[in-house]
Amino acid sequence: MPFTDIIGQEEPKRQIRTALAHETIGHAYLFWGDDGIGKRLTAMRFAQALSCDAVPSSAQPDSCGDCRACELIASAAHPDFLIIEPEREKAHPQIKIDQVREIERHMIYRPLLSMRKICVIDDVDRLTVSAANALLKTLEDPPEHSLFILVTSQPYRLPATVRSRCLALRFSPTTSAQCEGLLALRRAMPPEDARFLSQVCGNRIGVALEMDLTRLRHQHDQFLQCCQSDTLAHPTAILQRAEAVSKTQPFPDVLDWLAHGLRDLLLIRLGASPTLILHQAHHALLQQCVQDSDLADLFSLLESLHTLEQAPHRNLNLQLCLENFLFHVHRTIHRHAA
Ligand SMILES: [Zn+2]
């Protein structure tokens, strides 16, 4: 499977292909951008291109995806390839110093089969302080034959000293058309579902491919009940909905839905194209809610949402915080609603 199976990411792919074609590959790369958009997949393809047994064309360096070397890398069993990641099942996954020592032991020997000894570190922002310091020493004086690919969605959490040792390649979400097209192809979805899923996932293909659509639709219906004008008109209804939602949905999901709703309100108030709106079916009602509202009031809802996001870190009662937020929405938009 060559680079062409990575949707979008034209600029990082171009830079990698140029480096492969001109044999100007650096010792360390930092692949950064949102989760679920193809950074790790691109790192695997990069490693395969450096190890593939089928001779790649120099004009279009790539990997075949089928040879023994490509398969060994795909299953992380290639002797010149190492992938390191945090222990994801833990509450606070970390990459520890022992794992960096493993990297050092792996990288010091010359490659057996490949052109390079390759190490991919996924979620590299999870390095502990001591692990980051140890990795920095290796990056400052990398073995001649080594290639490090650091992958992260939160590059600012990495020490600047580590970042500065890497060539940074930025990854971006795909376009909505690319994401919807792939969903229709891989998950055989009707266009309406593909559009909904793409929008909710912010066009992050990796996330959209894995997402449970039935669960998402159910959550969304609950959220819509919470934000209907007749709920927001009555304080007792707000309290009931806030209780129902906070008991049945994980708090981060509730925040996501509120953010989607608020985003729609702002877009409509600013006169954006209806195609950008998630709740297109409710466009008329949302329009009614915000048409006379003050932009400053809507932005103050954003601040309020930010406060709500902080609630779990401050040990606050989530249901109470959600009620407060919904009352703020009620005060801001209900007087304009039907
Ligand atoms: Zn191959």
# chains A, B, ... in the order shown; residues from 1 in each chain; ligands from 1
call {"tool": "select_by_dssp", "arguments": {"residues": "segment 33-157 of chain A", "states": "alpha helix (DSSP H)", "output": "ChimeraX atom specification"}}
result
/A:39-51,68-74,97-107,129-140
call {"tool": "closest_atom_pairs", "arguments": {"of": "chain A", "to": "ligand 1", "cutoff": "12 Å", "atoms": "only C-alpha atoms and all ligand atoms", "output": "tab-separated table"}}
result
residue	atom	partner	partner_atom_place_in_ligand_line	distance
A:Met1	CA	ligand 1	1 (Zn)	8.1
A:Pro2	CA	ligand 1	1 (Zn)	8.8
A:Phe3	CA	ligand 1	1 (Zn)	11.9
A:Met44	CA	ligand 1	1 (Zn)	11.8
A:Arg45	CA	ligand 1	1 (Zn)	9.8
A:Phe46	CA	ligand 1	1 (Zn)	11.3
A:Ala47	CA	ligand 1	1 (Zn)	10.2
A:Gln48	CA	ligand 1	1 (Zn)	6.5
A:Ala49	CA	ligand 1	1 (Zn)	7.2
A:Leu50	CA	ligand 1	1 (Zn)	9.2
A:Ser51	CA	ligand 1	1 (Zn)	7.1
A:Cys52	CA	ligand 1	1 (Zn)	3.6
A:Asp53	CA	ligand 1	1 (Zn)	5.1
A:Ala54	CA	ligand 1	1 (Zn)	5.3
A:Val55	CA	ligand 1	1 (Zn)	8.2
A:Pro56	CA	ligand 1	1 (Zn)	8.7
A:Pro61	CA	ligand 1	1 (Zn)	11.3
A:Asp62	CA	ligand 1	1 (Zn)	8.4
A:Ser63	CA	ligand 1	1 (Zn)	4.9
A:Cys64	CA	ligand 1	1 (Zn)	3.9
A:Gly65	CA	ligand 1	1 (Zn)	4.7
A:Asp66	CA	ligand 1	1 (Zn)	5.3
A:Cys67	CA	ligand 1	1 (Zn)	4.1
A:Arg68	CA	ligand 1	1 (Zn)	6.7
A:Ala69	CA	ligand 1	1 (Zn)	5.8
A:Cys70	CA	ligand 1	1 (Zn)	4.4
A:Glu71	CA	ligand 1	1 (Zn)	7.5
A:Leu72	CA	ligand 1	1 (Zn)	9.6
A:Ile73	CA	ligand 1	1 (Zn)	9.5
A:Ala74	CA	ligand 1	1 (Zn)	10.3
A:Ser114	CA	ligand 1	1 (Zn)	11.1
call {"tool": "residues_around", "arguments": {"residues": "segment 308-321 of chain A", "least_positions_apart": "5", "cutoff": "10 Å", "atoms": "only C-alpha atoms", "output": "list in words"}}
result
Leu239, Arg241, Ala242, Glu243, Ala244, Val245, Ser246, Lys247, Phe251, Pro252, Val254, Leu255, Asp256, Leu302, Glu303, Leu326 and Phe327 of chain A
call {"tool": "write_last_selection", "arguments": {"atoms": "C-alpha atoms", "output": "PDB file, in the first residue's frame"}}
result
ATOM      1  CA  LEU A 239     -33.130  20.893  35.379  1.00  0.00           C
ATOM      2  CA  ARG A 241     -32.760  17.479  30.978  1.00  0.00           C
ATOM      3  CA  ALA A 242     -29.480  18.422  32.614  1.00  0.00           C
ATOM      4  CA  GLU A 243     -29.978  15.592  35.099  1.00  0.00           C
ATOM      5  CA  ALA A 244     -30.895  13.076  32.372  1.00  0.00           C
ATOM      6  CA  VAL A 245     -27.931  14.037  30.183  1.00  0.00           C
ATOM      7  CA  SER A 246     -25.353  14.145  32.955  1.00  0.00           C
ATOM      8  CA  LYS A 247     -26.466  10.700  34.168  1.00  0.00           C
ATOM      9  CA  PHE A 251     -19.066  14.516  30.345  1.00  0.00           C
ATOM     10  CA  PRO A 252     -16.546  15.049  27.478  1.00  0.00           C
ATOM     11  CA  VAL A 254     -21.737  16.433  26.510  1.00  0.00           C
ATOM     12  CA  LEU A 255     -19.129  19.173  26.075  1.00  0.00           C
ATOM     13  CA  ASP A 256     -18.594  18.180  22.444  1.00  0.00           C
ATOM     14  CA  LEU A 302     -18.152  30.491  24.663  1.00  0.00           C
ATOM     15  CA  GLU A 303     -16.513  31.694  27.858  1.00  0.00           C
ATOM     16  CA  LEU A 326     -28.108  25.839  30.134  1.00  0.00           C
ATOM     17  CA  PHE A 327     -29.584  28.708  32.179  1.00  0.00           C
TER      18      PHE A 327
END
call {"tool": "residues_around", "arguments": {"residues": "Lys96 of chain A", "least_positions_apart": "2", "cutoff": "12 Å", "atoms": "only C-alpha atoms", "output": "list in words"}}
result
Ile84, Glu85, Pro86, Glu87, His92, Pro93, Gln94, Asp98, Gln99, Val100, Arg101, Glu102, Ile103, Ile121, Val124, Asp125, Arg126, Leu127, Thr128, Val129, Ser130, Ala131, Ala132, Asn133, Ala134 and Leu135 of chain A
call {"tool": "atom_distance", "arguments": {"atom1": "atom CA of Leu258 of chain A", "atom2": "atom CA of Cys227 of chain A"}}
result
9.1 Å
call {"tool": "closest_residue", "arguments": {"among": "A:His234, A:Gly36, A:Cys166, A:Asp297", "to": "Cys201 of chain A", "atoms": "only C-alpha atoms"}}
result
A:Gly36
call {"tool": "closest_residue", "arguments": {"among": "A:Glu89, A:Glu104, A:Glu323, A:Asp292", "to": "Leu232 of chain A", "atoms": "only C-alpha atoms"}}
result
A:Glu323
call {"tool": "select_by_dssp", "arguments": {"residues": "segment 5-246 of chain A", "states": "strand (DSSP E)", "output": "VMD selection string"}}
result
chain A and resid 28 to 32 81 to 84 117 to 121 146 to 152 167 to 170
call {"tool": "write_last_selection", "arguments": {"atoms": "N, CA and C atoms", "output": "mmCIF file, in the first residue's frame"}}
result
data_model
loop_
_atom_site.group_PDB
_atom_site.id
_atom_site.type_symbol
_atom_site.label_atom_id
_atom_site.label_comp_id
_atom_site.auth_asym_id
_atom_site.auth_seq_id
_atom_site.Cartn_x
_atom_site.Cartn_y
_atom_site.Cartn_z
ATOM 1 N N ALA A 28 15.544 13.028 12.338
ATOM 2 C CA ALA A 28 14.372 13.069 13.213
ATOM 3 C C ALA A 28 13.288 13.957 12.614
ATOM 4 N N TYR A 29 12.077 13.427 12.617
ATOM 5 C CA TYR A 29 10.909 14.174 12.145
ATOM 6 C C TYR A 29 9.899 14.273 13.285
ATOM 7 N N LEU A 30 9.143 15.369 13.250
ATOM 8 C CA LEU A 30 8.026 15.511 14.177
ATOM 9 C C LEU A 30 6.759 15.633 13.334
ATOM 10 N N PHE A 31 5.902 14.606 13.391
ATOM 11 C CA PHE A 31 4.617 14.657 12.689
ATOM 12 C C PHE A 31 3.593 15.179 13.682
ATOM 13 N N TRP A 32 3.064 16.369 13.419
ATOM 14 C CA TRP A 32 2.091 16.907 14.375
ATOM 15 C C TRP A 32 0.815 17.354 13.694
ATOM 16 N N PHE A 81 12.857 -1.981 12.780
ATOM 17 C CA PHE A 81 11.745 -1.053 13.035
ATOM 18 C C PHE A 81 11.220 -1.233 14.454
ATOM 19 N N LEU A 82 11.056 -0.103 15.139
ATOM 20 C CA LEU A 82 10.541 -0.156 16.514
ATOM 21 C C LEU A 82 9.452 0.898 16.654
ATOM 22 N N ILE A 83 8.327 0.494 17.240
ATOM 23 C CA ILE A 83 7.296 1.497 17.528
ATOM 24 C C ILE A 83 7.055 1.534 19.034
ATOM 25 N N ILE A 84 7.104 2.754 19.557
ATOM 26 C CA ILE A 84 6.956 2.967 21.004
ATOM 27 C C ILE A 84 5.718 3.819 21.233
ATOM 28 N N LYS A 117 17.724 2.298 10.539
ATOM 29 C CA LYS A 117 17.124 1.799 11.765
ATOM 30 C C LYS A 117 16.053 2.832 12.119
ATOM 31 N N ILE A 118 14.820 2.390 12.223
ATOM 32 C CA ILE A 118 13.715 3.356 12.327
ATOM 33 C C ILE A 118 12.975 3.194 13.652
ATOM 34 N N CYS A 119 12.682 4.328 14.288
ATOM 35 C CA CYS A 119 11.895 4.288 15.520
ATOM 36 C C CYS A 119 10.754 5.308 15.427
ATOM 37 N N VAL A 120 9.527 4.814 15.557
ATOM 38 C CA VAL A 120 8.355 5.699 15.599
ATOM 39 C C VAL A 120 7.912 5.804 17.057
ATOM 40 N N ILE A 121 7.771 7.037 17.551
ATOM 41 C CA ILE A 121 7.273 7.227 18.919
ATOM 42 C C ILE A 121 5.916 7.923 18.830
ATOM 43 N N SER A 146 20.213 6.220 11.753
ATOM 44 C CA SER A 146 18.928 6.228 12.471
ATOM 45 C C SER A 146 17.910 7.185 11.869
ATOM 46 N N LEU A 147 16.646 6.813 12.027
ATOM 47 C CA LEU A 147 15.543 7.711 11.683
ATOM 48 C C LEU A 147 14.508 7.656 12.801
ATOM 49 N N PHE A 148 14.262 8.802 13.417
ATOM 50 C CA PHE A 148 13.240 8.903 14.458
ATOM 51 C C PHE A 148 12.036 9.639 13.876
ATOM 52 N N ILE A 149 10.836 9.086 14.112
ATOM 53 C CA ILE A 149 9.616 9.800 13.722
ATOM 54 C C ILE A 149 8.764 9.968 14.984
ATOM 55 N N LEU A 150 8.701 11.212 15.449
ATOM 56 C CA LEU A 150 7.930 11.527 16.647
ATOM 57 C C LEU A 150 6.540 11.978 16.219
ATOM 58 N N VAL A 151 5.512 11.408 16.822
ATOM 59 C CA VAL A 151 4.133 11.673 16.414
ATOM 60 C C VAL A 151 3.360 12.266 17.591
ATOM 61 N N THR A 152 2.671 13.382 17.348
ATOM 62 C CA THR A 152 1.930 14.000 18.461
ATOM 63 C C THR A 152 0.791 14.897 17.964
ATOM 64 N N LEU A 167 12.640 17.822 12.251
ATOM 65 C CA LEU A 167 12.009 18.529 11.149
ATOM 66 C C LEU A 167 10.503 18.341 11.325
ATOM 67 N N ALA A 168 9.804 19.444 11.546
ATOM 68 C CA ALA A 168 8.371 19.341 11.858
ATOM 69 C C ALA A 168 7.533 19.328 10.587
ATOM 70 N N LEU A 169 6.663 18.336 10.468
ATOM 71 C CA LEU A 169 5.719 18.278 9.350
ATOM 72 C C LEU A 169 4.311 18.363 9.910
ATOM 73 N N ARG A 170 3.569 19.342 9.432
ATOM 74 C CA ARG A 170 2.226 19.553 9.958
ATOM 75 C C ARG A 170 1.184 18.762 9.162
#
call {"tool": "atom_distance", "arguments": {"atom1": "atom CA of Val207 of chain A", "atom2": "atom CA of Tyr156 of chain A"}}
result
22.0 Å
call {"tool": "closest_residue", "arguments": {"among": "A:Leu197, A:Asp123, A:His279, A:Thr307", "to": "Leu158 of chain A", "atoms": "only C-alpha atoms"}}
result
A:Asp123
call {"tool": "residues_around", "arguments": {"residues": "Leu136 of chain A", "least_positions_apart": "6", "cutoff": "9 Å", "atoms": "only C-alpha atoms", "output": "compact mmCIF listing (two decimals) with C-alpha atoms, in the first residue's frame"}}
result
# COMPACT_ATOMS: atom_id res chain seq x y z
CA THR A 161 14.77 21.27 23.03
CA VAL A 162 13.29 18.02 21.66
CA ARG A 165 15.97 18.59 16.98
call {"tool": "closest_atom_pairs", "arguments": {"of": "segment 36-140 of chain A", "to": "segment 4-7 of chain A", "cutoff": "10 Å", "atoms": "only C-alpha atoms", "output": "CSV"}}
result
residue,atom,partner,partner_atom,distance
A:Ile37,CA,A:Ile7,CA,8.6
A:Gly38,CA,A:Ile6,CA,6.8
A:Lys39,CA,A:Ile6,CA,9.4
A:Leu41,CA,A:Ile6,CA,7.5
A:Thr42,CA,A:Ile6,CA,7.1
A:Arg45,CA,A:Ile6,CA,9.0
A:Asp62,CA,A:Thr4,CA,8.9
call {"tool": "residues_around", "arguments": {"residues": "Thr231 of chain A", "least_positions_apart": "6", "cutoff": "10 Å", "atoms": "only C-alpha atoms", "output": "PDB file with N, CA and C atoms, in the first residue's frame"}}
result
ATOM      1  N   LEU A 224     -30.406  17.148  21.476  1.00  0.00           N
ATOM      2  CA  LEU A 224     -31.393  18.022  20.847  1.00  0.00           C
ATOM      3  C   LEU A 224     -32.582  18.268  21.773  1.00  0.00           C
ATOM      4  N   GLN A 225     -32.979  17.206  22.509  1.00  0.00           N
ATOM      5  CA  GLN A 225     -34.087  17.383  23.468  1.00  0.00           C
ATOM      6  C   GLN A 225     -33.712  18.410  24.520  1.00  0.00           C
ATOM      7  N   ALA A 237     -37.779  22.240  33.178  1.00  0.00           N
ATOM      8  CA  ALA A 237     -37.396  21.333  32.086  1.00  0.00           C
ATOM      9  C   ALA A 237     -35.879  21.320  31.916  1.00  0.00           C
ATOM     10  N   ILE A 238     -35.249  22.469  32.098  1.00  0.00           N
ATOM     11  CA  ILE A 238     -33.778  22.532  32.008  1.00  0.00           C
ATOM     12  C   ILE A 238     -33.163  21.619  33.063  1.00  0.00           C
ATOM     13  N   LEU A 239     -33.691  21.705  34.289  1.00  0.00           N
ATOM     14  CA  LEU A 239     -33.130  20.893  35.379  1.00  0.00           C
ATOM     15  C   LEU A 239     -33.289  19.401  35.074  1.00  0.00           C
ATOM     16  N   GLN A 240     -34.462  19.024  34.549  1.00  0.00           N
ATOM     17  CA  GLN A 240     -34.700  17.600  34.249  1.00  0.00           C
ATOM     18  C   GLN A 240     -33.757  17.096  33.157  1.00  0.00           C
ATOM     19  N   ARG A 241     -33.617  17.904  32.095  1.00  0.00           N
ATOM     20  CA  ARG A 241     -32.760  17.479  30.978  1.00  0.00           C
ATOM     21  C   ARG A 241     -31.292  17.414  31.412  1.00  0.00           C
ATOM     22  N   LEU A 326     -26.843  25.813  30.882  1.00  0.00           N
ATOM     23  CA  LEU A 326     -28.108  25.839  30.134  1.00  0.00           C
ATOM     24  C   LEU A 326     -28.953  27.066  30.509  1.00  0.00           C
ATOM     25  N   HIS A 330     -30.322  29.820  28.089  1.00  0.00           N
ATOM     26  CA  HIS A 330     -31.730  30.238  28.188  1.00  0.00           C
ATOM     27  C   HIS A 330     -31.817  31.786  28.216  1.00  0.00           C
ATOM     28  N   HIS A 334     -33.198  32.483  24.601  1.00  0.00           N
ATOM     29  CA  HIS A 334     -34.628  32.120  24.599  1.00  0.00           C
ATOM     30  C   HIS A 334     -35.538  33.287  24.310  1.00  0.00           C
TER      31      HIS A 334
END
call {"tool": "residues_around", "arguments": {"residues": "Arg215 of chain A", "least_positions_apart": "5", "cutoff": "12 Å", "atoms": "only C-alpha atoms", "output": "list in words"}}
result
Leu197, Glu210, His220, Asp221, Gln222, Thr248, Gln249 and Asp253 of chain A
call {"tool": "write_last_selection", "arguments": {"atoms": "C-alpha atoms", "output": "compact mmCIF listing (two decimals), in the first residue's frame"}}
result
# COMPACT_ATOMS: atom_id res chain seq x y z
CA LEU A 197 -20.28 11.79 10.93
CA GLU A 210 -14.04 4.05 14.04
CA HIS A 220 -27.37 13.64 19.47
CA ASP A 221 -31.12 13.07 19.87
CA GLN A 222 -30.74 13.42 23.64
CA THR A 248 -26.40 8.99 30.79
CA GLN A 249 -23.58 10.60 28.80
CA ASP A 253 -19.26 13.95 25.00
call {"tool": "closest_residue", "arguments": {"among": "A:Pro79, A:Arg186, A:Gln228, A:His27", "to": "Pro143 of chain A", "atoms": "only C-alpha atoms"}}
result
A:His27
call {"tool": "decode", "arguments": {"residues": "segment 147-189 of chain A", "atoms": "N, CA and C atoms", "output": "compact mmCIF listing (two decimals), in the first residue's frame"}}
result
# COMPACT_ATOMS: atom_id res chain seq x y z
N LEU A 147 16.65 6.81 12.03
CA LEU A 147 15.54 7.71 11.68
C LEU A 147 14.51 7.66 12.80
N PHE A 148 14.26 8.80 13.42
CA PHE A 148 13.24 8.90 14.46
C PHE A 148 12.04 9.64 13.88
N ILE A 149 10.84 9.09 14.11
CA ILE A 149 9.62 9.80 13.72
C ILE A 149 8.76 9.97 14.98
N LEU A 150 8.70 11.21 15.45
CA LEU A 150 7.93 11.53 16.65
C LEU A 150 6.54 11.98 16.22
N VAL A 151 5.51 11.41 16.82
CA VAL A 151 4.13 11.67 16.41
C VAL A 151 3.36 12.27 17.59
N THR A 152 2.67 13.38 17.35
CA THR A 152 1.93 14.00 18.46
C THR A 152 0.79 14.90 17.96
N SER A 153 -0.26 14.96 18.79
CA SER A 153 -1.31 15.95 18.52
C SER A 153 -1.14 17.16 19.44
N GLN A 154 -0.17 17.09 20.34
CA GLN A 154 0.03 18.20 21.29
C GLN A 154 1.52 18.57 21.37
N PRO A 155 2.06 19.13 20.27
CA PRO A 155 3.49 19.39 20.22
C PRO A 155 3.98 20.35 21.30
N TYR A 156 3.06 21.25 21.76
CA TYR A 156 3.46 22.23 22.77
C TYR A 156 3.78 21.56 24.11
N ARG A 157 3.37 20.29 24.28
CA ARG A 157 3.69 19.60 25.54
C ARG A 157 5.08 18.97 25.52
N LEU A 158 5.72 19.03 24.34
CA LEU A 158 7.08 18.49 24.23
C LEU A 158 8.08 19.58 24.60
N PRO A 159 9.19 19.23 25.25
CA PRO A 159 10.21 20.26 25.51
C PRO A 159 10.68 20.88 24.18
N ALA A 160 10.89 22.20 24.20
CA ALA A 160 11.33 22.90 22.98
C ALA A 160 12.65 22.32 22.49
N THR A 161 13.48 21.83 23.41
CA THR A 161 14.77 21.27 23.03
C THR A 161 14.61 20.01 22.18
N VAL A 162 13.56 19.22 22.47
CA VAL A 162 13.29 18.02 21.66
C VAL A 162 12.71 18.44 20.31
N ARG A 163 11.76 19.38 20.34
CA ARG A 163 11.14 19.83 19.07
C ARG A 163 12.19 20.38 18.12
N SER A 164 13.14 21.14 18.68
CA SER A 164 14.11 21.82 17.82
C SER A 164 15.06 20.84 17.14
N ARG A 165 15.11 19.61 17.61
CA ARG A 165 15.97 18.59 16.98
C ARG A 165 15.30 17.91 15.80
N CYS A 166 14.02 18.23 15.57
CA CYS A 166 13.25 17.51 14.56
C CYS A 166 12.82 18.42 13.42
N LEU A 167 12.64 17.82 12.25
CA LEU A 167 12.01 18.53 11.15
C LEU A 167 10.50 18.34 11.33
N ALA A 168 9.80 19.44 11.55
CA ALA A 168 8.37 19.34 11.86
C ALA A 168 7.53 19.33 10.59
N LEU A 169 6.66 18.34 10.47
CA LEU A 169 5.72 18.28 9.35
C LEU A 169 4.31 18.36 9.91
N ARG A 170 3.57 19.34 9.43
CA ARG A 170 2.23 19.55 9.96
C ARG A 170 1.18 18.76 9.16
N PHE A 171 0.30 18.06 9.89
CA PHE A 171 -0.79 17.32 9.28
C PHE A 171 -2.11 18.04 9.58
N SER A 172 -3.01 18.08 8.58
CA SER A 172 -4.29 18.78 8.75
C SER A 172 -5.44 17.83 8.48
N PRO A 173 -6.62 18.11 9.08
CA PRO A 173 -7.78 17.27 8.73
C PRO A 173 -8.05 17.35 7.24
N THR A 174 -8.68 16.32 6.70
CA THR A 174 -9.00 16.31 5.27
C THR A 174 -10.15 17.28 5.01
N THR A 175 -10.50 17.44 3.74
CA THR A 175 -11.69 18.24 3.42
C THR A 175 -12.92 17.40 3.74
N SER A 176 -14.08 18.07 3.86
CA SER A 176 -15.31 17.32 4.15
C SER A 176 -15.60 16.35 3.00
N ALA A 177 -15.33 16.76 1.76
CA ALA A 177 -15.62 15.88 0.62
C ALA A 177 -14.77 14.61 0.69
N GLN A 178 -13.47 14.76 1.07
CA GLN A 178 -12.59 13.58 1.18
C GLN A 178 -13.09 12.65 2.27
N CYS A 179 -13.45 13.23 3.43
CA CYS A 179 -13.88 12.41 4.55
C CYS A 179 -15.20 11.70 4.24
N GLU A 180 -16.16 12.45 3.68
CA GLU A 180 -17.46 11.85 3.35
C GLU A 180 -17.30 10.77 2.28
N GLY A 181 -16.44 11.04 1.30
CA GLY A 181 -16.21 10.07 0.22
C GLY A 181 -15.66 8.76 0.76
N LEU A 182 -14.70 8.86 1.67
CA LEU A 182 -14.10 7.64 2.22
C LEU A 182 -15.09 6.88 3.10
N LEU A 183 -15.90 7.60 3.85
CA LEU A 183 -16.91 6.95 4.69
C LEU A 183 -17.93 6.21 3.82
N ALA A 184 -18.35 6.86 2.71
CA ALA A 184 -19.30 6.22 1.81
C ALA A 184 -18.69 4.94 1.24
N LEU A 185 -17.38 5.00 0.95
CA LEU A 185 -16.69 3.85 0.33
C LEU A 185 -16.44 2.74 1.33
N ARG A 186 -15.85 3.08 2.48
CA ARG A 186 -15.41 2.05 3.43
C ARG A 186 -16.54 1.55 4.33
N ARG A 187 -17.47 2.43 4.66
CA ARG A 187 -18.54 2.01 5.58
C ARG A 187 -19.89 1.94 4.90
N ALA A 188 -19.87 2.09 3.56
CA ALA A 188 -21.10 1.99 2.76
C ALA A 188 -22.24 2.79 3.39
N MET A 189 -21.98 4.05 3.66
CA MET A 189 -22.95 4.90 4.34
C MET A 189 -23.73 5.75 3.37
